[in-house]
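Q: Dumping the structure here so I can ask a few things about it.
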Amino acid sequence: MKISTRPVTVHDADVISKLVGALFNELQDVVPTEARNLKLEQVKRVLALAPRTCGFLLLESETPIGVIMLSEGCSLYADGVYGLITELYIVPAKRSGGHAKRLIEQAEKLGKERGWSMLEVGAPAQPRWQRSLQFYLKDGFQEIGPRLRKRL
């Protein structure tokens, strides 16, 4: 099977809705019969923020099997602009095949082109998602502590 990556576009909103929706459902323990996709309009709004937000689809032949979504931030601690991995998902049947690494490599390449000083990612809740944390650590990410949020 041929594996390839390509940048996402607003025309990919339906596929991204399904993939990232599956990620959210998995993180929230939603059983498959209750699974919901993200709202298409929500995904289109985010994709329309390009180039501040971007991503890559991972395809096996022409079938989407993964996605990475990124946004660009700016901070003093990063010495300017940096990339933030907001979502990374590989369909369960295709995990442990180096596919997530391939998407991160695409993000790194884009980051170098855009002058990002670093990539950041928030790992899901521990210890349940320890495998995700170990994946990032193995790939060279450094643990910097928990991330918190406050909705506005």
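Labels for the structure tokens follow display order: chains A, B, ..., residues from 1 in each chain, ligands from 1.
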Mind checking which residues fall within 12 Å of Gln106 (chain A), counting only C-alpha atoms, ignoring those fewer than 2 positions away in the same chain, and posting them as an NGL selection string?
A: :A and (4-8 or 54-58 or 67-70 or 83 or 85 or 99-104 or 108-113 or 119)
Q: Mind dumping the selected residues with N, CA and C atoms as a tab-separated table (two decimals), in the first residue's frame?
A:
```
chain	number	residue	atom	x	y	z
A	4	SER	N	1.14	8.23	1.73
A	4	SER	CA	1.56	9.58	1.35
A	4	SER	C	0.95	10.59	2.32
A	5	THR	N	1.49	11.79	2.29
A	5	THR	CA	0.93	12.89	3.06
A	5	THR	C	0.68	14.05	2.12
A	6	ARG	N	-0.26	14.90	2.52
A	6	ARG	CA	-0.50	16.14	1.78
A	6	ARG	C	-1.11	17.16	2.72
A	7	PRO	N	-0.88	18.44	2.43
A	7	PRO	CA	-1.47	19.49	3.27
A	7	PRO	C	-3.00	19.42	3.23
A	8	VAL	N	-3.61	19.78	4.34
A	8	VAL	CA	-5.07	19.84	4.36
A	8	VAL	C	-5.53	21.15	3.71
A	54	CYS	N	-3.02	24.94	10.17
A	54	CYS	CA	-2.73	24.12	9.00
A	54	CYS	C	-2.64	22.67	9.44
A	55	GLY	N	-2.37	21.79	8.52
A	55	GLY	CA	-2.24	20.39	8.88
A	55	GLY	C	-1.90	19.54	7.69
A	56	PHE	N	-1.81	18.25	7.96
A	56	PHE	CA	-1.49	17.26	6.92
A	56	PHE	C	-2.36	16.04	7.11
A	57	LEU	N	-2.81	15.50	5.99
A	57	LEU	CA	-3.51	14.23	5.98
A	57	LEU	C	-2.52	13.13	5.64
A	58	LEU	N	-2.69	11.98	6.24
A	58	LEU	CA	-1.92	10.79	5.92
A	58	LEU	C	-2.86	9.87	5.16
A	67	VAL	N	-4.26	12.25	10.61
A	67	VAL	CA	-4.24	13.69	10.44
A	67	VAL	C	-3.41	14.32	11.56
A	68	ILE	N	-2.73	15.39	11.23
A	68	ILE	CA	-2.10	16.24	12.22
A	68	ILE	C	-2.56	17.66	11.93
A	69	MET	N	-3.00	18.35	12.98
A	69	MET	CA	-3.41	19.74	12.85
A	69	MET	C	-2.46	20.58	13.69
A	70	LEU	N	-2.14	21.75	13.17
A	70	LEU	CA	-1.14	22.63	13.79
A	70	LEU	C	-1.67	24.06	13.82
A	83	GLY	N	5.34	26.24	16.61
A	83	GLY	CA	4.20	25.45	16.17
A	83	GLY	C	3.60	24.68	17.33
A	85	ILE	N	1.06	21.44	18.00
A	85	ILE	CA	0.27	20.31	17.49
A	85	ILE	C	-1.03	20.32	18.29
A	99	HIS	N	3.38	5.79	11.37
A	99	HIS	CA	2.58	6.80	10.67
A	99	HIS	C	2.54	8.14	11.40
A	100	ALA	N	2.40	8.11	12.72
A	100	ALA	CA	2.38	9.37	13.48
A	100	ALA	C	3.73	10.08	13.34
A	101	LYS	N	4.80	9.33	13.36
A	101	LYS	CA	6.14	9.90	13.16
A	101	LYS	C	6.22	10.61	11.81
A	102	ARG	N	5.64	10.01	10.81
A	102	ARG	CA	5.65	10.62	9.47
A	102	ARG	C	4.92	11.97	9.48
A	103	LEU	N	3.82	12.05	10.20
A	103	LEU	CA	3.09	13.32	10.28
A	103	LEU	C	3.89	14.36	11.06
A	104	ILE	N	4.55	13.94	12.12
A	104	ILE	CA	5.39	14.87	12.88
A	104	ILE	C	6.54	15.37	12.02
A	108	GLU	N	7.54	19.19	11.33
A	108	GLU	CA	8.89	19.73	11.53
A	108	GLU	C	9.40	20.43	10.27
A	109	LYS	N	9.16	19.82	9.15
A	109	LYS	CA	9.59	20.41	7.87
A	109	LYS	C	8.90	21.76	7.65
A	110	LEU	N	7.60	21.80	7.88
A	110	LEU	CA	6.86	23.05	7.75
A	110	LEU	C	7.38	24.09	8.74
A	111	GLY	N	7.63	23.64	9.97
A	111	GLY	CA	8.13	24.55	10.99
A	111	GLY	C	9.46	25.18	10.62
A	112	LYS	N	10.35	24.39	10.05
A	112	LYS	CA	11.64	24.92	9.61
A	112	LYS	C	11.44	25.94	8.48
A	113	GLU	N	10.51	25.65	7.57
A	113	GLU	CA	10.22	26.59	6.48
A	113	GLU	C	9.66	27.91	7.01
A	119	LEU	N	8.31	22.91	18.30
A	119	LEU	CA	6.97	22.35	18.25
A	119	LEU	C	6.56	22.01	19.68
```
Q: If we count only C-alpha atoms, what is near Leu40 (chain A) at a cut-off of 9 Å, once residues fewer than 6 positions away on the same chain are taken out, given as a list in words?
A: Ala13, Asp14, Ile16 and Ser17 of chain A
Q: Check the DSSP output for the backbone and give back, as an MDAnalysis selection string, the residues of region 25-144 of chain A in alpha helix (DSSP H).
A: chainID A and resid 25:27 40:47 99:114 130:138
Q: Residues near Ser61 (chain A), anyone? I mean within 9 Å using only C-alpha atoms, not counting same-chain ones fewer than 5 positions away, as a ChimeraX atom specification.
A: /A:1-4
Q: Please save all heavy atoms of the selected residues as a PDB file, in the first residue's frame.
A:
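Done, and the output landed in result_18.pdb:
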```pdb
ATOM      1  N   MET A   1       0.824  -1.186   0.000  1.00  0.00           N
ATOM      2  CA  MET A   1       0.000   0.000   0.000  1.00  0.00           C
ATOM      3  C   MET A   1       0.870   1.252   0.000  1.00  0.00           C
ATOM      4  O   MET A   1       1.823   1.344   0.752  1.00  0.00           O
ATOM      5  CB  MET A   1      -0.890   0.034   1.244  1.00  0.00           C
ATOM      6  CG  MET A   1      -1.904  -1.047   1.323  1.00  0.00           C
ATOM      7  SD  MET A   1      -3.313  -0.597   0.319  1.00  0.00           S
ATOM      8  CE  MET A   1      -4.273  -2.065   0.482  1.00  0.00           C
ATOM      9  N   LYS A   2       0.501   2.202  -0.824  1.00  0.00           N
ATOM     10  CA  LYS A   2       1.246   3.456  -0.912  1.00  0.00           C
ATOM     11  C   LYS A   2       0.778   4.413   0.180  1.00  0.00           C
ATOM     12  O   LYS A   2      -0.401   4.739   0.294  1.00  0.00           O
ATOM     13  CB  LYS A   2       1.023   4.079  -2.281  1.00  0.00           C
ATOM     14  CG  LYS A   2       1.772   5.377  -2.446  1.00  0.00           C
ATOM     15  CD  LYS A   2       1.469   6.037  -3.768  1.00  0.00           C
ATOM     16  CE  LYS A   2       2.199   7.366  -3.795  1.00  0.00           C
ATOM     17  NZ  LYS A   2       1.574   8.339  -4.635  1.00  0.00           N
ATOM     18  N   ILE A   3       1.724   4.878   0.988  1.00  0.00           N
ATOM     19  CA  ILE A   3       1.439   5.846   2.049  1.00  0.00           C
ATOM     20  C   ILE A   3       1.968   7.206   1.607  1.00  0.00           C
ATOM     21  O   ILE A   3       3.106   7.317   1.144  1.00  0.00           O
ATOM     22  CB  ILE A   3       2.119   5.444   3.378  1.00  0.00           C
ATOM     23  CG1 ILE A   3       1.687   4.049   3.816  1.00  0.00           C
ATOM     24  CG2 ILE A   3       1.852   6.484   4.458  1.00  0.00           C
ATOM     25  CD1 ILE A   3       0.248   3.934   4.237  1.00  0.00           C
ATOM     26  N   SER A   4       1.140   8.234   1.729  1.00  0.00           N
ATOM     27  CA  SER A   4       1.560   9.581   1.352  1.00  0.00           C
ATOM     28  C   SER A   4       0.945  10.595   2.316  1.00  0.00           C
ATOM     29  O   SER A   4       0.023  10.278   3.065  1.00  0.00           O
ATOM     30  CB  SER A   4       1.124   9.892  -0.088  1.00  0.00           C
ATOM     31  OG  SER A   4      -0.291   9.841  -0.194  1.00  0.00           O
TER      32      SER A   4
END
```
Q: Counting only C-alpha atoms, figure out which residue out of A:Gln28, A:Thr9, A:Ser75, A:Thr86 gets nearest to Leu49 (chain A).
A: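 Between A:Gln28, A:Thr9, A:Ser75, A:Thr86, the residue approaching Leu49 (chain A) most closely is A:Thr9.
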